[in-house]
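Peer 1: What follows is target18.cif, mmCIF, C-alpha atoms and all ligand atoms.
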```
data_entry
#
loop_
_atom_site.label_atom_id
_atom_site.label_comp_id
_atom_site.auth_asym_id
_atom_site.auth_seq_id
_atom_site.Cartn_x
_atom_site.Cartn_y
_atom_site.Cartn_z
CA MET A 1 0.00 0.00 0.00
CA ARG A 2 1.32 3.42 -0.91
CA PHE A 3 0.31 6.50 1.06
CA TYR A 4 0.78 9.98 -0.40
CA ILE A 5 0.37 12.67 2.21
CA ILE A 6 -0.21 16.28 1.23
CA THR A 7 0.69 18.48 4.19
CA ILE A 8 2.45 21.74 4.97
CA PHE A 9 3.94 20.07 8.07
CA PRO A 10 5.55 16.81 6.90
CA GLN A 11 7.99 16.83 9.83
CA ALA A 12 5.10 16.26 12.21
CA PHE A 13 5.15 12.63 11.01
CA ASP A 14 8.85 11.94 11.53
CA SER A 15 9.01 10.16 14.85
CA TYR A 16 5.69 8.34 14.56
CA LEU A 17 6.62 6.69 11.28
CA LYS A 18 9.85 5.34 12.76
CA GLU A 19 8.35 3.56 15.74
CA SER A 20 6.99 0.10 16.39
CA ILE A 21 4.66 -1.66 13.97
CA VAL A 22 4.29 1.21 11.48
CA GLY A 23 8.08 1.71 11.42
CA ARG A 24 8.57 -2.00 10.81
CA ALA A 25 5.97 -1.97 8.00
CA ILE A 26 7.85 0.85 6.26
CA ARG A 27 11.23 -0.82 6.67
CA GLY A 28 9.75 -4.10 5.42
CA LYS A 29 8.23 -2.29 2.40
CA LYS A 30 4.70 -3.38 3.29
CA ILE A 31 3.78 0.27 3.10
CA VAL A 32 5.39 3.23 1.38
CA VAL A 33 4.83 6.79 2.59
CA LYS A 34 5.56 9.86 0.47
CA PHE A 35 5.07 13.51 1.27
CA TYR A 36 4.00 16.37 -0.95
CA ASN A 37 4.33 19.83 0.55
CA PRO A 38 2.18 22.63 -0.93
CA MET A 39 4.77 25.08 0.48
CA ASP A 40 7.21 23.81 -2.17
CA PHE A 41 4.98 25.42 -4.78
CA CYS A 42 4.58 28.72 -2.95
CA GLU A 43 6.00 31.74 -4.77
CA PRO A 44 8.83 33.52 -2.92
CA LYS A 45 7.56 35.92 -0.25
CA LYS A 46 3.95 34.77 -0.74
CA ARG A 47 1.84 33.03 1.85
CA VAL A 48 0.39 29.54 1.81
CA ASP A 49 -2.90 30.92 3.15
CA ASP A 50 -5.16 33.84 2.35
CA ARG A 51 -8.20 35.65 3.77
CA PRO A 52 -11.59 33.93 3.44
CA TYR A 53 -14.15 35.21 0.96
CA GLY A 54 -17.26 36.29 2.80
CA GLY A 55 -15.21 37.45 5.77
CA GLY A 56 -14.61 35.94 9.16
CA PRO A 57 -11.60 35.06 11.24
CA GLY A 58 -8.95 32.53 10.29
CA MET A 59 -7.13 31.91 7.06
CA VAL A 60 -7.84 29.56 4.17
CA LEU A 61 -5.18 27.45 2.45
CA ARG A 62 -4.70 28.51 -1.18
CA PRO A 63 -6.06 26.04 -3.73
CA GLU A 64 -3.35 26.26 -6.41
CA LEU A 65 -0.61 25.13 -4.03
CA PHE A 66 -2.56 22.06 -2.94
CA LEU A 67 -3.54 21.24 -6.52
CA LYS A 68 0.08 21.55 -7.66
CA ALA A 69 1.15 19.18 -4.89
CA PHE A 70 -1.70 16.83 -5.81
CA SER A 71 -0.76 16.77 -9.49
CA LYS A 72 2.79 15.74 -8.61
CA ILE A 73 1.47 12.39 -7.38
CA LYS A 74 1.77 9.79 -10.11
CA ILE A 75 -1.52 7.93 -9.97
CA LYS A 76 -0.95 4.44 -11.31
CA ASP A 77 -4.50 3.11 -11.43
CA LYS A 78 -7.35 5.53 -10.75
CA LYS A 79 -9.72 2.74 -9.72
CA LYS A 80 -7.33 1.56 -7.02
CA THR A 81 -6.57 5.03 -5.69
CA LYS A 82 -8.56 6.50 -2.83
CA ILE A 83 -8.40 10.27 -2.34
CA ILE A 84 -9.23 11.52 1.14
CA LEU A 85 -9.41 15.11 2.38
CA PHE A 86 -9.69 15.67 6.11
CA SER A 87 -12.44 17.76 7.63
CA PRO A 88 -14.18 17.63 11.02
CA SER A 89 -17.53 17.52 9.19
CA GLY A 90 -16.65 14.64 6.86
CA LYS A 91 -17.80 11.03 6.91
CA LYS A 92 -16.74 9.36 10.16
CA PHE A 93 -13.72 7.07 9.90
CA ASN A 94 -13.75 3.68 11.63
CA THR A 95 -12.10 0.26 11.47
CA ALA A 96 -14.75 -1.06 9.08
CA TYR A 97 -13.80 1.70 6.62
CA ALA A 98 -10.10 0.76 6.94
CA LYS A 99 -10.89 -2.93 6.40
CA LYS A 100 -12.99 -2.13 3.35
CA LEU A 101 -10.16 -0.20 1.69
CA VAL A 102 -7.81 -3.15 2.11
CA LYS A 103 -10.41 -5.76 1.05
CA GLN A 104 -11.33 -3.73 -2.04
CA LYS A 105 -7.66 -3.89 -3.00
CA TYR A 106 -6.88 -0.20 -3.03
CA THR A 107 -3.15 0.19 -3.64
CA ASP A 108 -2.74 3.95 -3.33
CA ILE A 109 -4.19 6.30 -0.75
CA ILE A 110 -3.87 10.05 -0.98
CA LEU A 111 -4.41 11.93 2.28
CA ILE A 112 -4.87 15.70 2.17
CA SER A 113 -4.31 17.47 5.50
CA GLY A 114 -5.58 20.97 6.11
CA ARG A 115 -4.70 23.63 8.69
CA TYR A 116 -6.17 26.92 9.94
CA GLU A 117 -9.75 27.33 8.61
CA GLY A 118 -9.20 24.54 6.10
CA ILE A 119 -8.39 24.21 2.40
CA ASP A 120 -10.21 26.18 -0.32
CA ALA A 121 -13.22 23.95 -1.14
CA ARG A 122 -12.36 23.77 -4.83
CA VAL A 123 -9.50 21.40 -4.02
CA LYS A 124 -11.99 18.80 -2.81
CA LYS A 125 -14.14 19.22 -5.91
CA ILE A 126 -11.30 19.16 -8.45
CA SER A 127 -9.46 16.23 -6.84
CA LYS A 128 -12.76 14.35 -6.28
CA ALA A 129 -11.71 13.61 -2.73
CA GLU A 130 -13.91 12.07 -0.09
CA GLU A 131 -14.20 14.17 3.08
CA ILE A 132 -13.30 12.17 6.16
CA SER A 133 -13.47 13.06 9.86
CA ILE A 134 -11.74 11.06 12.58
CA GLY A 135 -14.20 12.14 15.27
CA ASP A 136 -16.47 14.81 16.67
CA TYR A 137 -13.81 17.28 17.73
CA VAL A 138 -11.85 19.96 15.96
CA LEU A 139 -8.08 19.65 15.74
CA THR A 140 -5.60 22.29 14.61
CA GLY A 141 -4.62 20.26 11.56
CA GLY A 142 -5.08 17.16 9.43
CA GLU A 143 -1.71 15.63 10.32
CA LEU A 144 -2.99 13.60 13.28
CA PRO A 145 -5.96 12.36 11.21
CA ALA A 146 -3.52 11.27 8.47
CA MET A 147 -1.49 9.33 11.04
CA VAL A 148 -4.66 7.77 12.44
CA LEU A 149 -5.75 6.50 9.00
CA LEU A 150 -2.26 5.36 8.05
CA ASP A 151 -1.95 3.41 11.30
CA CYS A 152 -5.40 1.84 11.22
CA ILE A 153 -5.29 0.92 7.51
CA SER A 154 -1.73 -0.44 7.75
CA ARG A 155 -2.55 -2.91 10.49
CA GLN A 156 -5.20 -4.42 8.21
CA ILE A 157 -2.62 -5.22 5.53
CA PRO A 158 -1.54 -8.87 5.64
CA GLY A 159 1.92 -9.21 7.15
CA VAL A 160 1.99 -5.85 8.90
CA LEU A 161 1.06 -7.24 12.27
CA GLY A 162 3.33 -10.03 13.44
CA LYS A 163 1.96 -13.58 13.56
CA TYR A 164 1.24 -13.32 17.25
CA GLU A 165 -0.46 -9.94 16.97
CA SER A 166 -2.69 -10.95 14.06
CA LEU A 167 -3.70 -14.13 15.81
CA GLU A 168 -4.71 -11.89 18.66
CA GLU A 169 -6.92 -9.91 16.23
CA GLU A 170 -8.83 -12.98 15.14
CA ARG A 171 -9.58 -14.14 18.64
CA ILE A 172 -12.11 -12.40 20.79
CA SER A 173 -10.15 -9.52 22.15
CA SER A 174 -10.98 -7.39 25.12
CA SER A 175 -10.07 -3.95 26.37
CA GLU A 176 -9.46 -5.40 29.84
CA VAL A 177 -6.10 -7.15 29.67
CA TYR A 178 -3.65 -8.44 32.29
CA THR A 179 -0.06 -9.59 32.49
CA ARG A 180 2.21 -10.67 35.35
CA PRO A 181 2.27 -10.46 38.33
CA GLU A 182 -0.77 -12.55 39.23
CA VAL A 183 -1.14 -10.54 42.42
CA LEU A 184 -0.10 -6.91 42.16
CA LYS A 185 0.84 -5.39 45.51
CA TRP A 186 0.25 -1.67 45.33
CA LYS A 187 0.18 0.68 48.30
CA GLY A 188 -0.68 -2.05 50.79
CA LYS A 189 -3.42 -3.66 48.70
CA ASN A 190 -3.50 -6.85 46.65
CA HIS A 191 -4.89 -6.54 43.14
CA LYS A 192 -5.57 -9.93 41.59
CA VAL A 193 -5.95 -11.04 37.99
CA PRO A 194 -9.53 -12.31 37.37
CA LYS A 195 -9.65 -16.05 38.15
CA VAL A 196 -11.20 -17.03 34.84
CA LEU A 197 -8.07 -15.91 32.96
CA LEU A 198 -5.98 -18.37 34.98
CA SER A 199 -8.41 -21.25 34.46
CA GLY A 200 -7.06 -22.43 31.09
CA HIS A 201 -10.71 -22.87 30.05
CA HIS A 202 -10.76 -21.28 26.57
CA ASP A 203 -14.54 -21.13 26.13
CA LYS A 204 -14.98 -19.47 29.50
CA ILE A 205 -12.16 -17.03 28.75
CA SER A 206 -13.70 -16.11 25.37
CA PHE A 207 -17.09 -15.58 27.01
CA TRP A 208 -15.56 -13.40 29.73
CA ARG A 209 -13.67 -11.33 27.13
CA SER A 210 -16.73 -10.86 24.95
CA LYS A 211 -18.47 -9.21 27.92
CA ARG A 212 -15.67 -6.68 28.45
N1 LIG A 301 -13.04 25.65 10.09
C1 LIG A 301 -13.01 24.26 9.91
C2 LIG A 301 -12.07 23.60 10.88
C3 LIG A 301 -10.69 23.56 10.39
S1 LIG A 301 -9.66 22.59 11.38
C4 LIG A 301 -14.40 23.70 10.11
O1 LIG A 301 -15.18 24.26 10.84
O2 LIG A 301 -14.67 22.67 9.50
C5 LIG A 301 -8.20 22.60 10.42
C6 LIG A 301 -7.90 21.32 9.70
O3 LIG A 301 -7.70 20.28 10.63
C7 LIG A 301 -8.97 20.81 8.75
O4 LIG A 301 -8.79 21.34 7.46
C8 LIG A 301 -8.74 19.31 8.76
O5 LIG A 301 -7.76 18.94 7.81
C9 LIG A 301 -8.17 19.05 10.15
N2 LIG A 301 -9.12 18.52 11.13
C10 LIG A 301 -9.50 19.12 12.29
N3 LIG A 301 -10.33 18.33 12.99
C11 LIG A 301 -10.49 17.19 12.29
C12 LIG A 301 -11.23 15.98 12.49
N4 LIG A 301 -11.98 15.76 13.57
N5 LIG A 301 -11.15 15.02 11.54
C13 LIG A 301 -10.39 15.20 10.44
N6 LIG A 301 -9.69 16.32 10.19
C14 LIG A 301 -9.72 17.30 11.10
#
```
Would you write the structure of this file as structure tokens?
Ligand code: SAH
Peer 2:
Amino acid sequence: MRFYIITIFPQAFDSYLKESIVGRAIRGKKIVVKFYNPMDFCEPKKRVDDRPYGGGPGMVLRPELFLKAFSKIKIKDKKKTKIILFSPSGKKFNTAYAKKLVKQKYTDIILISGRYEGIDARVKKISKAEEISIGDYVLTGGELPAMVLLDCISRQIPGVLGKYESLEEERISSSEVYTRPEVLKWKGKNHKVPKVLLSGHHDKISFWRSKR
């Protein structure tokens, strides 16, 4: 899977893309991540943003710079390329959406991150992007949303999670998890691991997990 990220802050991704499972996926060439910075197309001494038509506070990102960055991406197969533009009022992203992209065999995903008041709306129309939100809150930029999608989509790609981790995915998983010690002594109290998890009884464990 190839990810093309259009952002004016590509460095915001640096450390995240090096760590853990995502870092391993990049090093193992399971995913490829490329950046396209609209700033690179900004004329000397000009700004990347401009005042909004109709008035109001905040600045709007200029369309030409984003379109120039977008047109630098070499789209191999249009039908296998998904174009996503981030907006707090877009369609809500979830795991099912990530799974669908992988199942439908998309090979290229373009993620367009905004800042300030957002990107001039003509970019969405011209690029035919789908507007996606990662939740009902407003962030200062689309970089975190791009990382969220990249992370969630990547872990659906076969081979990105290790054998052990993917096995874990297929079993009934739970948000309540425990590791050693069996009895945790903390500030004079004993905190025990639930008995069922020590029972070795797989059906009972699955049932217990499905209730968590
Ligand atoms: N004025 C805009 C908010 C802009 S927030 C509005 O009311 O819609 C600035 C940028 O951050 C957006 O262009 C988008 O790329 C990103 N962003 C902020 N919150 C987001 C969210 N919940 N989901 C996805 N992108 C978000």
Peer 1: Set out as CSV a contact list for chain A and ligand LIG 301 (chain A) with a cut-off of 12 Å, giving each residue of chain A that qualifies its closest atom pair and distance in Å to one decimal, counting only C-alpha atoms and all ligand atoms, ordered by chain and rising residue number.
Peer 2:
```
residue,atom,partner,partner_atom,distance
A:Ile5,CA,A:LIG301,O5,11.7
A:Ile6,CA,A:LIG301,O5,10.4
A:Thr7,CA,A:LIG301,O5,9.2
A:Ile8,CA,A:LIG301,O5,11.0
A:Phe9,CA,A:LIG301,O5,11.8
A:Pro52,CA,A:LIG301,N1,10.7
A:Gly56,CA,A:LIG301,N1,10.5
A:Pro57,CA,A:LIG301,N1,9.6
A:Gly58,CA,A:LIG301,N1,8.0
A:Met59,CA,A:LIG301,N1,9.1
A:Val60,CA,A:LIG301,N1,8.8
A:Leu61,CA,A:LIG301,O4,8.7
A:Arg62,CA,A:LIG301,O4,11.9
A:Ile84,CA,A:LIG301,C13,10.1
A:Leu85,CA,A:LIG301,O5,6.8
A:Phe86,CA,A:LIG301,N6,4.1
A:Ser87,CA,A:LIG301,N6,4.0
A:Pro88,CA,A:LIG301,C12,3.7
A:Ser89,CA,A:LIG301,O2,5.9
A:Gly90,CA,A:LIG301,N5,7.2
A:Lys91,CA,A:LIG301,N5,9.0
A:Lys92,CA,A:LIG301,N5,8.1
A:Phe93,CA,A:LIG301,N5,8.5
A:Asn94,CA,A:LIG301,N5,11.6
A:Leu111,CA,A:LIG301,O5,9.5
A:Ile112,CA,A:LIG301,O5,7.1
A:Ser113,CA,A:LIG301,O5,4.4
A:Gly114,CA,A:LIG301,O5,3.4
A:Arg115,CA,A:LIG301,C5,4.0
A:Tyr116,CA,A:LIG301,C5,4.8
A:Glu117,CA,A:LIG301,N1,4.0
A:Gly118,CA,A:LIG301,O4,3.5
A:Ile119,CA,A:LIG301,O4,5.8
A:Asp120,CA,A:LIG301,O4,9.3
A:Ala121,CA,A:LIG301,O4,10.0
A:Val123,CA,A:LIG301,O4,11.5
A:Lys124,CA,A:LIG301,O4,11.1
A:Glu130,CA,A:LIG301,C13,11.5
A:Glu131,CA,A:LIG301,C13,8.4
A:Ile132,CA,A:LIG301,C13,6.0
A:Ser133,CA,A:LIG301,N5,3.5
A:Ile134,CA,A:LIG301,N5,4.1
A:Gly135,CA,A:LIG301,N4,4.6
A:Asp136,CA,A:LIG301,N4,5.5
A:Tyr137,CA,A:LIG301,N4,4.8
A:Val138,CA,A:LIG301,N3,3.7
A:Leu139,CA,A:LIG301,C10,3.8
A:Thr140,CA,A:LIG301,O3,4.9
A:Gly141,CA,A:LIG301,O3,3.2
A:Gly142,CA,A:LIG301,O5,3.6
A:Glu143,CA,A:LIG301,C9,7.3
A:Leu144,CA,A:LIG301,N6,7.9
A:Pro145,CA,A:LIG301,C13,5.3
A:Ala146,CA,A:LIG301,C13,8.2
A:Met147,CA,A:LIG301,C13,10.7
A:Val148,CA,A:LIG301,C13,9.6
A:Leu149,CA,A:LIG301,C13,10.0
```
Peer 1: Excluding Ser71 in chain A and residues on its chain fewer than 6 positions from it, collect all residues at most 12 Å away from it, counting only C-alpha atoms, and give them as a PDB file with C-alpha atoms, in the coordinates of the input.
Peer 2:
```
ATOM      1  CA  TYR A   4       0.780   9.980  -0.400  1.00  0.00           C
ATOM      2  CA  ILE A   6      -0.210  16.280   1.230  1.00  0.00           C
ATOM      3  CA  TYR A  36       4.000  16.370  -0.950  1.00  0.00           C
ATOM      4  CA  ASN A  37       4.330  19.830   0.550  1.00  0.00           C
ATOM      5  CA  PRO A  38       2.180  22.630  -0.930  1.00  0.00           C
ATOM      6  CA  PHE A  41       4.980  25.420  -4.780  1.00  0.00           C
ATOM      7  CA  GLU A  64      -3.350  26.260  -6.410  1.00  0.00           C
ATOM      8  CA  LEU A  65      -0.610  25.130  -4.030  1.00  0.00           C
ATOM      9  CA  ILE A 110      -3.870  10.050  -0.980  1.00  0.00           C
ATOM     10  CA  VAL A 123      -9.500  21.400  -4.020  1.00  0.00           C
ATOM     11  CA  ILE A 126     -11.300  19.160  -8.450  1.00  0.00           C
ATOM     12  CA  SER A 127      -9.460  16.230  -6.840  1.00  0.00           C
TER      13      SER A 127
END
```
Peer 1: Around all listed atoms of range 48-53 of chain A, padded 4 Å per side, what centre and edge lengths does the axis-aligned box have in Å to one decimal, as lines of an AutoDock Vina configuration file?
Peer 2:
```
center_x = -6.9
center_y = 32.6
center_z = 2.4
size_x = 22.5
size_y = 14.1
size_z = 10.8
```
Peer 1: Report, in Å with one decimal, the straight-line distance from CA of Gly23 in chain A to CA of Pro158 in chain A.
Peer 2: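 About the pair CA of Gly23 in chain A and CA of Pro158 in chain A: they are 15.4 Å apart.
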Peer 1: Between CA of Gly55 in chain A and CA of Leu67 in chain A, what distance in Å does the model show, to one decimal?
Peer 2: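 We find that CA of Gly55 in chain A and CA of Leu67 in chain A lie 23.5 Å from each other.
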Peer 1: Would you mind reading off the distance between CA of Leu101 in chain A and CA of Lys128 in chain A, one decimal, in Å?
Peer 2: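 That distance, rounded to one decimal, is 16.8 Å.
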Peer 1: What residues have an atom no more than 12 Å from (11.3, -2.0, 7.5) in the file's own frame, counting only C-alpha atoms, and can you write them as number ranges by chain?
Peer 2: A: 17-33, 159-160
Peer 1: Using C-alpha atoms, can you export the residues from the last selection as a PDB file, in the frame of the given file?
Peer 2:
```
ATOM      1  CA  LEU A  17       6.620   6.690  11.280  1.00  0.00           C
ATOM      2  CA  LYS A  18       9.850   5.340  12.760  1.00  0.00           C
ATOM      3  CA  GLU A  19       8.350   3.560  15.740  1.00  0.00           C
ATOM      4  CA  SER A  20       6.990   0.100  16.390  1.00  0.00           C
ATOM      5  CA  ILE A  21       4.660  -1.660  13.970  1.00  0.00           C
ATOM      6  CA  VAL A  22       4.290   1.210  11.480  1.00  0.00           C
ATOM      7  CA  GLY A  23       8.080   1.710  11.420  1.00  0.00           C
ATOM      8  CA  ARG A  24       8.570  -2.000  10.810  1.00  0.00           C
ATOM      9  CA  ALA A  25       5.970  -1.970   8.000  1.00  0.00           C
ATOM     10  CA  ILE A  26       7.850   0.850   6.260  1.00  0.00           C
ATOM     11  CA  ARG A  27      11.230  -0.820   6.670  1.00  0.00           C
ATOM     12  CA  GLY A  28       9.750  -4.100   5.420  1.00  0.00           C
ATOM     13  CA  LYS A  29       8.230  -2.290   2.400  1.00  0.00           C
ATOM     14  CA  LYS A  30       4.700  -3.380   3.290  1.00  0.00           C
ATOM     15  CA  ILE A  31       3.780   0.270   3.100  1.00  0.00           C
ATOM     16  CA  VAL A  32       5.390   3.230   1.380  1.00  0.00           C
ATOM     17  CA  VAL A  33       4.830   6.790   2.590  1.00  0.00           C
ATOM     18  CA  GLY A 159       1.920  -9.210   7.150  1.00  0.00           C
ATOM     19  CA  VAL A 160       1.990  -5.850   8.900  1.00  0.00           C
TER      20      VAL A 160
END
```
Peer 1: Complete the atom set of range 119-149 of chain A to N, CA and C atoms and return it as a PDB file, in the frame of the given file.
Peer 2:
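Now in part.pdb:
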```
ATOM      1  N   ILE A 119      -8.906  24.025   3.765  1.00  0.00           N
ATOM      2  CA  ILE A 119      -8.390  24.210   2.400  1.00  0.00           C
ATOM      3  C   ILE A 119      -9.528  24.742   1.531  1.00  0.00           C
ATOM      4  N   ASP A 120      -9.229  25.674   0.647  1.00  0.00           N
ATOM      5  CA  ASP A 120     -10.210  26.180  -0.320  1.00  0.00           C
ATOM      6  C   ASP A 120     -11.008  24.987  -0.880  1.00  0.00           C
ATOM      7  N   ALA A 121     -12.340  25.090  -0.822  1.00  0.00           N
ATOM      8  CA  ALA A 121     -13.220  23.950  -1.140  1.00  0.00           C
ATOM      9  C   ALA A 121     -13.074  23.429  -2.556  1.00  0.00           C
ATOM     10  N   ARG A 122     -12.497  24.234  -3.451  1.00  0.00           N
ATOM     11  CA  ARG A 122     -12.360  23.770  -4.830  1.00  0.00           C
ATOM     12  C   ARG A 122     -11.368  22.629  -4.962  1.00  0.00           C
ATOM     13  N   VAL A 123     -10.469  22.514  -3.981  1.00  0.00           N
ATOM     14  CA  VAL A 123      -9.500  21.400  -4.020  1.00  0.00           C
ATOM     15  C   VAL A 123     -10.240  20.075  -3.900  1.00  0.00           C
ATOM     16  N   LYS A 124     -11.202  20.029  -2.990  1.00  0.00           N
ATOM     17  CA  LYS A 124     -11.990  18.800  -2.810  1.00  0.00           C
ATOM     18  C   LYS A 124     -12.732  18.448  -4.096  1.00  0.00           C
ATOM     19  N   LYS A 125     -13.343  19.469  -4.704  1.00  0.00           N
ATOM     20  CA  LYS A 125     -14.140  19.220  -5.910  1.00  0.00           C
ATOM     21  C   LYS A 125     -13.272  18.760  -7.078  1.00  0.00           C
ATOM     22  N   ILE A 126     -12.156  19.465  -7.292  1.00  0.00           N
ATOM     23  CA  ILE A 126     -11.300  19.160  -8.450  1.00  0.00           C
ATOM     24  C   ILE A 126     -10.613  17.791  -8.275  1.00  0.00           C
ATOM     25  N   SER A 127     -10.174  17.498  -7.048  1.00  0.00           N
ATOM     26  CA  SER A 127      -9.460  16.230  -6.840  1.00  0.00           C
ATOM     27  C   SER A 127     -10.417  15.057  -6.655  1.00  0.00           C
ATOM     28  N   LYS A 128     -11.709  15.370  -6.527  1.00  0.00           N
ATOM     29  CA  LYS A 128     -12.760  14.350  -6.280  1.00  0.00           C
ATOM     30  C   LYS A 128     -12.441  13.537  -5.018  1.00  0.00           C
ATOM     31  N   ALA A 129     -12.058  14.273  -3.994  1.00  0.00           N
ATOM     32  CA  ALA A 129     -11.710  13.610  -2.730  1.00  0.00           C
ATOM     33  C   ALA A 129     -12.952  13.346  -1.898  1.00  0.00           C
ATOM     34  N   GLU A 130     -12.852  12.337  -1.056  1.00  0.00           N
ATOM     35  CA  GLU A 130     -13.910  12.070  -0.090  1.00  0.00           C
ATOM     36  C   GLU A 130     -13.516  12.778   1.215  1.00  0.00           C
ATOM     37  N   GLU A 131     -14.491  13.470   1.823  1.00  0.00           N
ATOM     38  CA  GLU A 131     -14.200  14.170   3.080  1.00  0.00           C
ATOM     39  C   GLU A 131     -14.346  13.210   4.243  1.00  0.00           C
ATOM     40  N   ILE A 132     -13.297  13.110   5.037  1.00  0.00           N
ATOM     41  CA  ILE A 132     -13.300  12.170   6.160  1.00  0.00           C
ATOM     42  C   ILE A 132     -12.965  12.904   7.463  1.00  0.00           C
ATOM     43  N   SER A 133     -13.728  12.525   8.511  1.00  0.00           N
ATOM     44  CA  SER A 133     -13.470  13.060   9.860  1.00  0.00           C
ATOM     45  C   SER A 133     -13.011  11.895  10.731  1.00  0.00           C
ATOM     46  N   ILE A 134     -12.130  12.155  11.681  1.00  0.00           N
ATOM     47  CA  ILE A 134     -11.740  11.060  12.580  1.00  0.00           C
ATOM     48  C   ILE A 134     -12.516  11.126  13.898  1.00  0.00           C
ATOM     49  N   GLY A 135     -13.407  12.095  14.043  1.00  0.00           N
ATOM     50  CA  GLY A 135     -14.200  12.140  15.270  1.00  0.00           C
ATOM     51  C   GLY A 135     -14.819  13.508  15.469  1.00  0.00           C
ATOM     52  N   ASP A 136     -15.725  13.569  16.435  1.00  0.00           N
ATOM     53  CA  ASP A 136     -16.470  14.810  16.670  1.00  0.00           C
ATOM     54  C   ASP A 136     -15.700  15.775  17.558  1.00  0.00           C
ATOM     55  N   TYR A 137     -14.606  16.262  17.047  1.00  0.00           N
ATOM     56  CA  TYR A 137     -13.810  17.280  17.730  1.00  0.00           C
ATOM     57  C   TYR A 137     -13.009  17.990  16.669  1.00  0.00           C
ATOM     58  N   VAL A 138     -12.605  19.206  16.968  1.00  0.00           N
ATOM     59  CA  VAL A 138     -11.850  19.960  15.960  1.00  0.00           C
ATOM     60  C   VAL A 138     -10.390  20.041  16.391  1.00  0.00           C
ATOM     61  N   LEU A 139      -9.518  19.603  15.500  1.00  0.00           N
ATOM     62  CA  LEU A 139      -8.080  19.650  15.740  1.00  0.00           C
ATOM     63  C   LEU A 139      -7.502  20.870  15.032  1.00  0.00           C
ATOM     64  N   THR A 140      -6.219  21.136  15.288  1.00  0.00           N
ATOM     65  CA  THR A 140      -5.600  22.290  14.610  1.00  0.00           C
ATOM     66  C   THR A 140      -5.129  21.933  13.201  1.00  0.00           C
ATOM     67  N   GLY A 141      -5.081  20.633  12.892  1.00  0.00           N
ATOM     68  CA  GLY A 141      -4.620  20.260  11.560  1.00  0.00           C
ATOM     69  C   GLY A 141      -4.949  18.826  11.191  1.00  0.00           C
ATOM     70  N   GLY A 142      -4.756  18.495   9.935  1.00  0.00           N
ATOM     71  CA  GLY A 142      -5.080  17.160   9.430  1.00  0.00           C
ATOM     72  C   GLY A 142      -3.925  16.171   9.521  1.00  0.00           C
ATOM     73  N   GLU A 143      -2.848  16.547  10.227  1.00  0.00           N
ATOM     74  CA  GLU A 143      -1.710  15.630  10.320  1.00  0.00           C
ATOM     75  C   GLU A 143      -2.023  14.446  11.231  1.00  0.00           C
ATOM     76  N   LEU A 144      -2.607  14.721  12.391  1.00  0.00           N
ATOM     77  CA  LEU A 144      -2.990  13.600  13.280  1.00  0.00           C
ATOM     78  C   LEU A 144      -4.001  12.698  12.586  1.00  0.00           C
ATOM     79  N   PRO A 145      -5.040  13.247  11.957  1.00  0.00           N
ATOM     80  CA  PRO A 145      -5.960  12.360  11.210  1.00  0.00           C
ATOM     81  C   PRO A 145      -5.235  11.507  10.168  1.00  0.00           C
ATOM     82  N   ALA A 146      -4.255  12.064   9.474  1.00  0.00           N
ATOM     83  CA  ALA A 146      -3.520  11.270   8.470  1.00  0.00           C
ATOM     84  C   ALA A 146      -2.781  10.123   9.146  1.00  0.00           C
ATOM     85  N   MET A 147      -2.201  10.391  10.322  1.00  0.00           N
ATOM     86  CA  MET A 147      -1.490   9.330  11.040  1.00  0.00           C
ATOM     87  C   MET A 147      -2.466   8.270  11.530  1.00  0.00           C
ATOM     88  N   VAL A 148      -3.643   8.719  11.952  1.00  0.00           N
ATOM     89  CA  VAL A 148      -4.660   7.770  12.440  1.00  0.00           C
ATOM     90  C   VAL A 148      -5.063   6.821  11.303  1.00  0.00           C
ATOM     91  N   LEU A 149      -5.348   7.359  10.123  1.00  0.00           N
ATOM     92  CA  LEU A 149      -5.750   6.500   9.000  1.00  0.00           C
ATOM     93  C   LEU A 149      -4.606   5.584   8.587  1.00  0.00           C
TER      94      LEU A 149
END
```
